[in-house]
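Structure file coords_7.cif (mmCIF, C-alpha atoms and all ligand atoms) is printed below.
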data_work
loop_
_atom_site.label_atom_id
_atom_site.label_comp_id
_atom_site.auth_asym_id
_atom_site.auth_seq_id
_atom_site.Cartn_x
_atom_site.Cartn_y
_atom_site.Cartn_z
CA MET T 1 71.70 96.94 60.92
CA PRO T 2 73.49 100.01 59.52
CA GLY T 3 76.12 99.98 62.27
CA GLU T 4 77.10 96.35 61.90
CA MET T 5 79.15 96.67 58.80
CA SER T 6 80.65 100.10 59.37
CA GLY T 7 81.72 99.69 62.98
CA ALA T 8 83.06 96.15 63.33
CA SER T 9 83.45 94.70 66.82
CA THR T 10 86.80 93.60 68.25
CA PRO T 11 86.10 89.86 67.69
CA SER T 12 85.26 90.46 64.05
CA LEU T 13 88.40 92.55 63.56
CA VAL T 14 90.46 89.74 65.10
CA LEU T 15 88.61 87.19 62.96
CA ASP T 16 89.38 89.25 59.85
CA VAL T 17 93.07 89.23 60.63
CA ILE T 18 93.00 85.47 61.25
CA ARG T 19 91.04 84.91 58.04
CA THR T 20 93.47 86.88 55.92
CA ARG T 21 96.77 86.03 57.67
CA GLY T 22 96.16 82.72 59.45
CA PRO T 23 97.57 80.43 60.68
CA ILE T 24 98.80 83.06 63.12
CA SER T 25 100.02 83.12 66.73
CA ARG T 26 98.58 85.30 69.48
CA ILE T 27 101.75 87.39 69.59
CA GLU T 28 101.57 88.10 65.86
CA LEU T 29 97.84 88.85 66.21
CA ALA T 30 98.52 91.42 68.93
CA ALA T 31 101.21 93.03 66.78
CA VAL T 32 98.95 93.26 63.71
CA THR T 33 95.79 94.44 65.51
CA GLY T 34 97.48 96.76 68.00
CA LEU T 35 95.08 95.45 70.69
CA THR T 36 96.19 95.06 74.30
CA PRO T 37 97.03 91.46 75.29
CA ALA T 38 93.97 91.29 77.59
CA THR T 39 91.55 92.51 74.91
CA MET T 40 93.06 90.21 72.33
CA THR T 41 92.94 87.19 74.67
CA ASN T 42 89.25 87.84 75.38
CA ALA T 43 88.43 88.20 71.69
CA VAL T 44 90.28 84.95 70.85
CA ARG T 45 88.55 83.05 73.66
CA HIS T 46 85.20 84.35 72.44
CA LEU T 47 85.91 83.19 68.89
CA ILE T 48 87.09 79.76 70.08
CA ASP T 49 83.95 79.39 72.25
CA GLN T 50 81.86 80.18 69.17
CA ARG T 51 83.85 77.52 67.25
CA LEU T 52 84.72 80.17 64.68
CA ILE T 53 88.47 79.68 65.07
CA MET T 54 90.58 76.76 66.26
CA SER T 55 94.09 75.77 67.19
CA VAL T 56 95.90 74.23 64.21
CA GLY T 57 99.21 73.26 65.82
CA HIS T 58 102.38 75.04 66.79
CA SER T 59 105.00 77.09 65.00
CA GLU T 60 108.51 75.68 64.55
CA SER T 61 110.72 76.57 67.47
CA THR T 62 113.13 79.38 66.70
CA GLY T 63 115.04 79.11 69.96
CA GLY T 64 112.19 80.40 72.11
CA LYS T 65 108.86 78.87 73.08
CA ARG T 66 106.80 77.23 70.36
CA ARG T 67 103.70 79.27 69.64
CA GLU T 68 100.17 77.95 69.26
CA LEU T 69 98.76 78.84 65.84
CA LEU T 70 95.16 79.86 65.29
CA ASP T 71 93.13 79.62 62.13
CA VAL T 72 89.54 79.91 61.00
CA ASN T 73 87.28 76.90 61.55
CA PRO T 74 85.61 77.20 58.16
CA THR T 75 82.95 74.50 58.37
CA THR T 76 80.89 75.66 61.36
CA ARG T 77 78.96 78.49 59.76
CA TYR T 78 77.88 79.41 56.26
CA GLY T 79 76.21 82.48 54.82
CA LEU T 80 73.94 82.79 51.78
CA GLY T 81 74.27 85.75 49.45
CA VAL T 82 71.80 86.71 46.73
CA GLN T 83 72.44 89.24 44.00
CA LEU T 84 69.43 90.58 42.11
CA GLY T 85 70.17 91.64 38.56
CA PRO T 86 68.01 92.16 35.48
CA GLU T 87 69.77 89.42 33.48
CA SER T 88 70.37 86.92 36.25
CA VAL T 89 69.95 86.31 39.94
CA GLN T 90 73.06 84.82 41.54
CA VAL T 91 72.97 82.86 44.79
CA VAL T 92 76.19 81.83 46.56
CA VAL T 93 76.99 80.05 49.79
CA ALA T 94 80.27 80.97 51.45
CA ASN T 95 82.16 79.63 54.45
CA LEU T 96 83.86 81.64 57.16
CA TRP T 97 86.99 81.99 55.06
CA GLY T 98 84.84 83.92 52.63
CA ALA T 99 85.37 81.09 50.15
CA VAL T 100 82.42 80.34 47.90
CA VAL T 101 81.50 76.67 48.32
CA GLY T 102 78.54 76.71 45.95
CA ARG T 103 76.89 79.05 43.47
CA ILE T 104 73.84 78.96 41.25
CA GLY T 105 72.38 81.38 38.72
CA VAL T 106 68.69 81.66 37.86
CA ALA T 107 66.56 83.89 35.63
CA GLY T 108 66.95 87.64 36.16
CA THR T 109 64.48 90.16 37.51
CA ALA T 110 63.65 91.81 34.16
CA GLY T 111 59.87 91.60 33.70
CA ALA T 112 59.42 89.57 36.89
CA THR T 113 56.80 90.34 39.55
CA PRO T 114 57.87 90.55 43.21
CA GLU T 115 56.21 87.16 43.79
CA ASP T 116 58.18 85.63 40.88
CA ILE T 117 61.41 86.92 42.39
CA VAL T 118 60.64 85.56 45.86
CA ARG T 119 59.69 82.16 44.39
CA SER T 120 62.78 81.97 42.22
CA VAL T 121 65.19 82.99 45.03
CA THR T 122 63.58 80.51 47.43
CA SER T 123 63.86 77.58 45.03
CA ALA T 124 67.45 78.53 44.12
CA VAL T 125 68.37 78.51 47.83
CA THR T 126 66.77 75.08 48.30
CA GLU T 127 68.56 73.70 45.25
CA LEU T 128 71.92 75.14 46.31
CA LEU T 129 71.70 73.78 49.86
CA SER T 130 70.74 70.38 48.53
CA ALA T 131 73.61 70.38 45.99
CA THR T 132 76.15 71.35 48.65
CA SER T 133 74.63 69.01 51.31
CA LEU T 134 74.52 71.86 53.83
CA GLY T 135 71.75 71.47 56.38
CA ASP T 136 69.63 74.40 57.53
CA GLY T 137 71.37 74.37 60.91
CA LEU T 138 74.67 75.43 59.36
CA ILE T 139 73.21 78.42 57.52
CA GLU T 140 73.42 81.63 59.48
CA GLY T 141 71.16 83.67 57.25
CA LEU T 142 70.67 85.28 53.89
CA CYS T 143 71.66 88.70 52.64
CA VAL T 144 70.24 90.17 49.43
CA ALA T 145 72.41 92.51 47.40
CA VAL T 146 69.95 94.96 45.87
CA PRO T 147 70.90 97.17 42.94
CA GLY T 148 70.03 100.50 44.56
CA PRO T 149 68.93 102.15 47.78
CA HIS T 150 66.52 100.51 50.23
CA ASP T 151 64.74 101.66 53.36
CA GLU T 152 64.71 100.32 56.93
CA THR T 153 61.63 98.16 56.34
CA GLY T 154 63.41 96.01 53.76
CA ALA T 155 61.78 97.67 50.74
CA ILE T 156 63.66 98.86 47.65
CA VAL T 157 63.34 102.56 46.76
CA ASP T 158 64.37 104.78 43.85
CA THR T 159 65.69 102.02 41.61
CA SER T 160 64.65 102.29 37.96
CA SER T 161 65.91 98.81 37.07
CA LEU T 162 63.78 97.12 39.74
CA ALA T 163 60.75 99.39 39.70
CA ALA T 164 58.44 96.37 40.16
CA LEU T 165 59.92 95.86 43.62
CA GLU T 166 59.50 99.46 44.81
CA GLY T 167 57.70 99.49 48.13
CA PHE T 168 57.45 95.66 48.22
CA PRO T 169 58.55 94.24 51.61
CA LEU T 170 61.18 91.99 50.04
CA GLY T 171 63.10 91.32 53.28
CA PRO T 172 60.15 90.13 55.41
CA THR T 173 58.59 88.18 52.50
CA LEU T 174 61.80 86.29 51.78
CA GLU T 175 62.23 85.65 55.49
CA ALA T 176 58.81 84.01 55.63
CA ALA T 177 59.47 82.00 52.44
CA THR T 178 62.93 80.68 53.36
CA GLY T 179 62.67 80.50 57.14
CA LEU T 180 66.04 82.25 57.35
CA PRO T 181 66.94 85.67 58.76
CA VAL T 182 67.11 88.03 55.76
CA ARG T 183 68.73 91.42 55.35
CA LEU T 184 69.03 93.78 52.41
CA GLU T 185 72.13 95.71 51.47
CA SER T 186 73.30 97.71 48.48
CA ALA T 187 75.15 95.56 45.94
CA ALA T 188 77.81 98.26 45.54
CA LEU T 189 78.48 98.42 49.28
CA LEU T 190 78.59 94.63 49.53
CA SER T 191 81.04 94.48 46.64
CA ALA T 192 83.28 96.90 48.54
CA ALA T 193 82.87 94.74 51.65
CA GLY T 194 83.93 91.71 49.63
CA GLU T 195 87.12 93.48 48.51
CA VAL T 196 87.95 94.35 52.12
CA TRP T 197 87.01 91.02 53.72
CA THR T 198 88.77 88.83 51.20
CA GLY T 199 91.97 90.83 51.62
CA ALA T 200 91.93 91.87 47.94
CA ALA T 201 92.18 95.50 49.04
CA ALA T 202 94.82 95.01 51.72
CA ASP T 203 97.09 97.74 50.33
CA SER T 204 94.31 100.33 49.91
CA ARG T 205 93.45 103.10 52.37
CA ALA T 206 90.40 104.38 50.50
CA LEU T 207 88.63 102.48 47.74
CA ALA T 208 85.42 102.50 45.78
CA VAL T 209 83.86 99.60 43.93
CA VAL T 210 81.93 100.98 40.99
CA HIS T 211 79.19 98.41 40.62
CA LEU T 212 76.97 98.10 37.56
CA ASP T 213 74.21 95.51 37.38
CA GLY T 214 70.90 97.04 36.46
CA GLU T 215 71.83 100.12 38.46
CA LEU T 216 75.06 102.11 38.76
CA GLY T 217 76.47 102.71 42.24
CA ALA T 218 79.71 102.94 44.18
CA GLY T 219 80.52 101.21 47.46
CA LEU T 220 83.10 102.94 49.64
CA ALA T 221 85.60 101.59 52.14
CA VAL T 222 88.03 103.86 53.99
CA ASP T 223 90.68 102.39 56.30
CA GLY T 224 88.95 99.01 56.02
CA ARG T 225 85.59 100.40 57.11
CA LEU T 226 82.53 100.72 54.93
CA VAL T 227 81.14 104.21 54.46
CA ARG T 228 77.36 104.60 54.33
CA GLY T 229 76.74 108.32 54.61
CA SER T 230 73.87 110.03 56.42
CA ARG T 231 71.05 108.13 54.63
CA GLY T 232 72.88 104.97 53.59
CA ARG T 233 73.37 106.33 50.09
CA ALA T 234 77.06 107.25 50.04
CA GLY T 235 78.44 106.41 46.62
CA ASP T 236 75.17 106.98 44.75
CA ILE T 237 77.00 108.40 41.73
CA ARG T 238 74.10 108.03 39.29
CA HIS T 239 73.27 111.72 39.27
CA LEU T 240 76.75 113.25 39.11
CA PRO T 241 76.36 115.87 36.38
CA VAL T 242 78.74 115.06 33.52
CA ASP T 243 77.31 117.18 30.67
CA PRO T 244 74.77 119.99 31.22
CA ALA T 245 73.77 119.69 27.54
CA GLY T 246 73.24 115.91 27.78
CA PRO T 247 69.97 113.98 27.72
CA LEU T 248 67.35 114.46 30.41
CA CYS T 249 67.62 112.11 33.40
CA ARG T 250 64.63 110.89 35.40
CA CYS T 251 65.95 112.96 38.34
CA GLY T 252 65.21 116.16 36.39
CA GLN T 253 68.81 117.12 35.59
CA ARG T 254 70.53 116.82 32.24
CA GLY T 255 73.58 114.72 31.47
CA CYS T 256 73.84 112.66 34.68
CA LEU T 257 76.47 109.93 34.81
CA ALA T 258 73.75 107.25 34.67
CA VAL T 259 72.37 108.55 31.37
CA MET T 260 75.74 109.47 29.84
CA GLY T 261 78.19 106.78 30.88
CA THR T 262 76.47 103.40 31.04
CA PRO T 263 75.96 100.69 28.41
CA ASP T 264 72.31 101.82 28.31
CA ALA T 265 73.57 105.25 27.26
CA ILE T 266 75.52 103.60 24.41
CA ALA T 267 72.42 101.79 23.19
CA LYS T 268 70.34 104.98 23.38
CA ARG T 269 72.93 107.14 21.62
CA PHE T 270 73.31 104.61 18.82
CA HIS T 271 69.55 104.36 18.44
CA ASP T 272 69.21 108.17 18.32
CA ASP T 273 71.91 108.34 15.61
CA THR T 274 70.84 105.38 13.48
CA GLY T 275 67.28 104.40 14.38
CA THR T 276 68.60 100.88 15.08
CA SER T 277 68.12 99.15 18.44
CA LEU T 278 71.11 97.04 19.44
CA THR T 279 72.63 96.01 22.75
CA ALA T 280 75.75 97.89 23.86
CA GLY T 281 77.77 94.69 23.38
CA ARG T 282 76.72 94.41 19.75
CA ILE T 283 77.38 98.10 19.17
CA ALA T 284 80.88 97.69 20.64
CA ALA T 285 81.49 94.73 18.31
CA ARG T 286 80.76 97.06 15.35
CA ALA T 287 82.93 99.91 16.60
CA GLY T 288 85.89 98.88 14.39
CA THR T 289 83.91 99.38 11.20
CA ASP T 290 81.04 101.73 12.08
CA PRO T 291 82.03 105.27 13.16
CA ARG T 292 78.61 105.87 14.74
CA ALA T 293 79.05 102.76 16.90
CA ALA T 294 82.59 103.86 17.81
CA ARG T 295 81.34 107.32 18.76
CA ALA T 296 78.54 105.98 20.97
CA VAL T 297 81.00 103.75 22.84
CA ASP T 298 83.70 106.44 23.12
CA GLU T 299 81.31 109.07 24.44
CA ALA T 300 79.93 106.80 27.15
CA VAL T 301 83.33 105.49 28.22
CA THR T 302 84.71 109.05 28.33
CA ALA T 303 81.75 110.31 30.39
CA PHE T 304 82.05 107.36 32.75
CA SER T 305 85.81 107.81 33.15
CA ARG T 306 85.51 111.54 33.83
CA GLY T 307 82.74 110.97 36.36
CA VAL T 308 84.37 108.20 38.36
CA VAL T 309 87.86 109.75 38.37
CA ALA T 310 86.37 113.06 39.60
CA PHE T 311 84.55 111.07 42.28
CA ALA T 312 87.86 109.35 43.21
CA ASP T 313 89.57 112.76 43.37
CA ALA T 314 86.89 114.25 45.62
CA LEU T 315 87.28 111.37 48.09
CA ASP T 316 91.05 111.01 47.66
CA LEU T 317 90.69 107.34 46.76
CA ASP T 318 93.72 105.18 45.97
CA ARG T 319 91.78 102.34 44.30
CA LEU T 320 88.83 102.01 41.94
CA VAL T 321 87.42 98.54 41.31
CA LEU T 322 84.87 97.72 38.61
CA SER T 323 82.37 94.96 39.39
CA GLY T 324 79.03 93.72 38.13
CA ARG T 325 77.54 92.05 35.09
CA GLY T 326 76.30 95.32 33.67
CA TYR T 327 79.62 96.11 31.97
CA GLY T 328 79.21 92.98 29.88
CA ARG T 329 81.55 92.81 26.90
CA LEU T 330 82.51 96.44 27.46
CA LEU T 331 84.34 95.73 30.70
CA ASP T 332 87.79 96.08 29.16
CA SER T 333 86.80 99.29 27.36
CA TYR T 334 85.65 100.82 30.63
CA LEU T 335 88.72 99.59 32.49
CA ASP T 336 91.07 101.02 29.85
CA GLY T 337 89.06 104.26 29.68
CA VAL T 338 89.26 104.89 33.43
CA ARG T 339 92.95 103.93 33.58
CA ASP T 340 93.85 106.16 30.63
CA HIS T 341 91.91 109.11 32.04
CA ALA T 342 93.49 108.74 35.50
CA HIS T 343 96.92 108.44 33.86
CA ALA T 344 96.33 111.52 31.66
CA LEU T 345 95.46 113.52 34.79
CA GLY T 346 98.62 112.30 36.55
CA ARG T 347 96.73 110.34 39.22
CA THR T 348 99.59 107.90 39.78
CA HIS T 349 98.34 107.05 43.30
CA LEU T 350 95.06 105.68 41.90
CA SER T 351 95.00 102.02 40.84
CA VAL T 352 92.13 100.81 38.69
CA ALA T 353 91.19 97.13 38.60
CA VAL T 354 88.42 94.62 38.00
CA SER T 355 86.97 92.73 40.99
CA ALA T 356 88.12 89.14 41.45
CA ASN T 357 84.41 88.24 41.70
CA GLN T 358 83.38 90.44 38.83
CA ARG T 359 80.17 88.60 37.97
CA ASP T 360 78.82 87.94 41.46
CA ALA T 361 80.74 90.33 43.74
CA GLY T 362 77.49 91.49 45.34
CA ALA T 363 76.45 87.93 46.20
CA VAL T 364 79.89 87.05 47.59
CA GLY T 365 79.91 90.22 49.70
CA ALA T 366 76.36 89.44 50.85
CA ALA T 367 77.32 85.96 52.06
CA GLY T 368 80.23 87.54 53.95
CA ALA T 369 77.90 90.14 55.49
CA VAL T 370 75.77 87.36 56.98
CA LEU T 371 78.80 85.84 58.68
CA ARG T 372 80.07 89.22 59.82
CA ALA T 373 76.72 90.00 61.42
CA HIS T 374 76.81 86.62 63.16
CA VAL T 375 80.24 87.29 64.66
CA ASP T 376 79.21 90.75 65.83
CA ALA T 377 75.98 89.50 67.36
CA HIS T 378 77.46 86.72 69.52
ZN ZN X 401 70.01 112.16 37.22
#
Represent the supplied structure as structure tokens.
Amino acid sequence: MPGEMSGASTPSLVLDVIRTRGPISRIELAAVTGLTPATMTNAVRHLIDQRLIMSVGHSESTGGKRRELLDVNPTTRYGLGVQLGPESVQVVVANLWGAVVGRIGVAGTAGATPEDIVRSVTSAVTELLSATSLGDGLIEGLCVAVPGPHDETGAIVDTSSLAALEGFPLGPTLEAATGLPVRLESAALLSAAGEVWTGAAADSRALAVVHLDGELGAGLAVDGRLVRGSRGRAGDIRHLPVDPAGPLCRCGQRGCLAVMGTPDAIAKRFHDDTGTSLTAGRIAARAGTDPRAARAVDEAVTAFSRGVVAFADALDLDRLVLSGRGYGRLLDSYLDGVRDHAHALGRTHLSVAVSANQRDAGAVGAAGAVLRAHVDAH
């Protein structure tokens, strides 16, 4: 599984170009992909045989021969993507264009047992397929975007926000419950995949999606390829040290990005200062009138901005994208904070944006990963 997304096959590269630029002729395809005519012809034939692309007519004649145009055949295969978050679980079904054709949200994982989560995902899938009238035969599989790292057996590891699932064989259990092939992938990496596959990052050479939904993480894509690192944990920015005098993190260090820069850090700081427990969103709403609320928000946004811009510098990124429900009402504060910090440091090459699928980027990327794996496997 790890190789599928980082080293795409020739057919899936050709399919990507057709998805993002179609309708397109073979000659244009060869020019864009740089493939030899023979390799390109084989890849196109393979995709037509799989009914993944089709002829959609001919270009207008410009004096020469009219060219056959190819485009994606979007209705032959669908992928299911699931995003596990503490506040909600999102399930989407996407077609080969990467377009979401149905989505549903159900109760989040906070306080849920592994069995609860499996039951709730399974019934959400059934409901979604019934609502979209898509039969089982059209569904290629299901990919679960998990908030943190996972191991090869399909179990989640080292994820404070989903501690109940640690060591639980989520992949195999869901496979048995749904009857579909199931894979697990980091939500941050899938969000980065979504940016690449939908063409949203077409002008970026090196990007990171900083994903926050229960857990903080970054997904990396360089030259259109996803970067996993040696253990599949590239972009695990939770324990970047931001302040050696900061609060203790569960990893044993002080002042990690995860305990300094997140909305949870805002809530904790405000509680330490005032003795009052409020959500980060409510604290932000008070920031105009309460200096202690303003300070808690400012400190976290500053820590976050310093951490992620330093991370972008170290990897020479040209784009940072924020995605995930975890930013909540503070999304604009974080966006402005990162932009201002990058600007103050003169990082004019670095663009900072919010994902087009901000609330379910992991699920959308997951549905795309299912289809990508299908193309690579056939
Ligand atoms: Zn730490």
Could you tell me, as a list in words, which residues have any atom at most 7 Å from (75.1, 100.8, 49.5), counting only C-alpha atoms? Pro149, Glu185, Ser186, Ala187, Ala188, Leu189, Gly219, Arg228, Gly232, Arg233 and Ala234 of chain T
Top pick for closest residue to ligand ZN 401 (chain X), considering T:Thr289, T:Ser160, T:Gln358, T:Ser204 and counting only C-alpha atoms and all ligand atoms: T:Ser160
To test the calculation: enclose all listed atoms of stretch 337-355 of chain T in a box whose edges run along x, y and z, add 4 Å on each side, then state centre and edge lengths in Å to one decimal, as JSON.
{"center_x": 93.3, "center_y": 103.1, "center_z": 36.5, "size_x": 20.6, "size_y": 28.8, "size_z": 21.6}
With only C-alpha atoms as the atoms that count, which of T:Val93, T:Arg183, T:His150, T:Leu170 lies nearest to T:Leu134? T:Val93
Taking all atoms listed in the file into account, which residues have an atom no farther than 7 Å from ligand ZN 401 (chain X)? I'd like them as a ChimeraX atom specification. /T:238-239,249-254,256,258
Please measure the separation of atom CA of T:Pro247 and atom CA of T:Gly288, giving the value in Å to one decimal.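 Taking atom CA of T:Pro247 as the start and atom CA of T:Gly288 as the end point, the length is 25.7 Å.
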Spatial neighbours of T:Ala131, 10 Å, only C-alpha atoms, chain gap at least 6 places, as a PyMOL selection string: chain T and resi 102-104+125
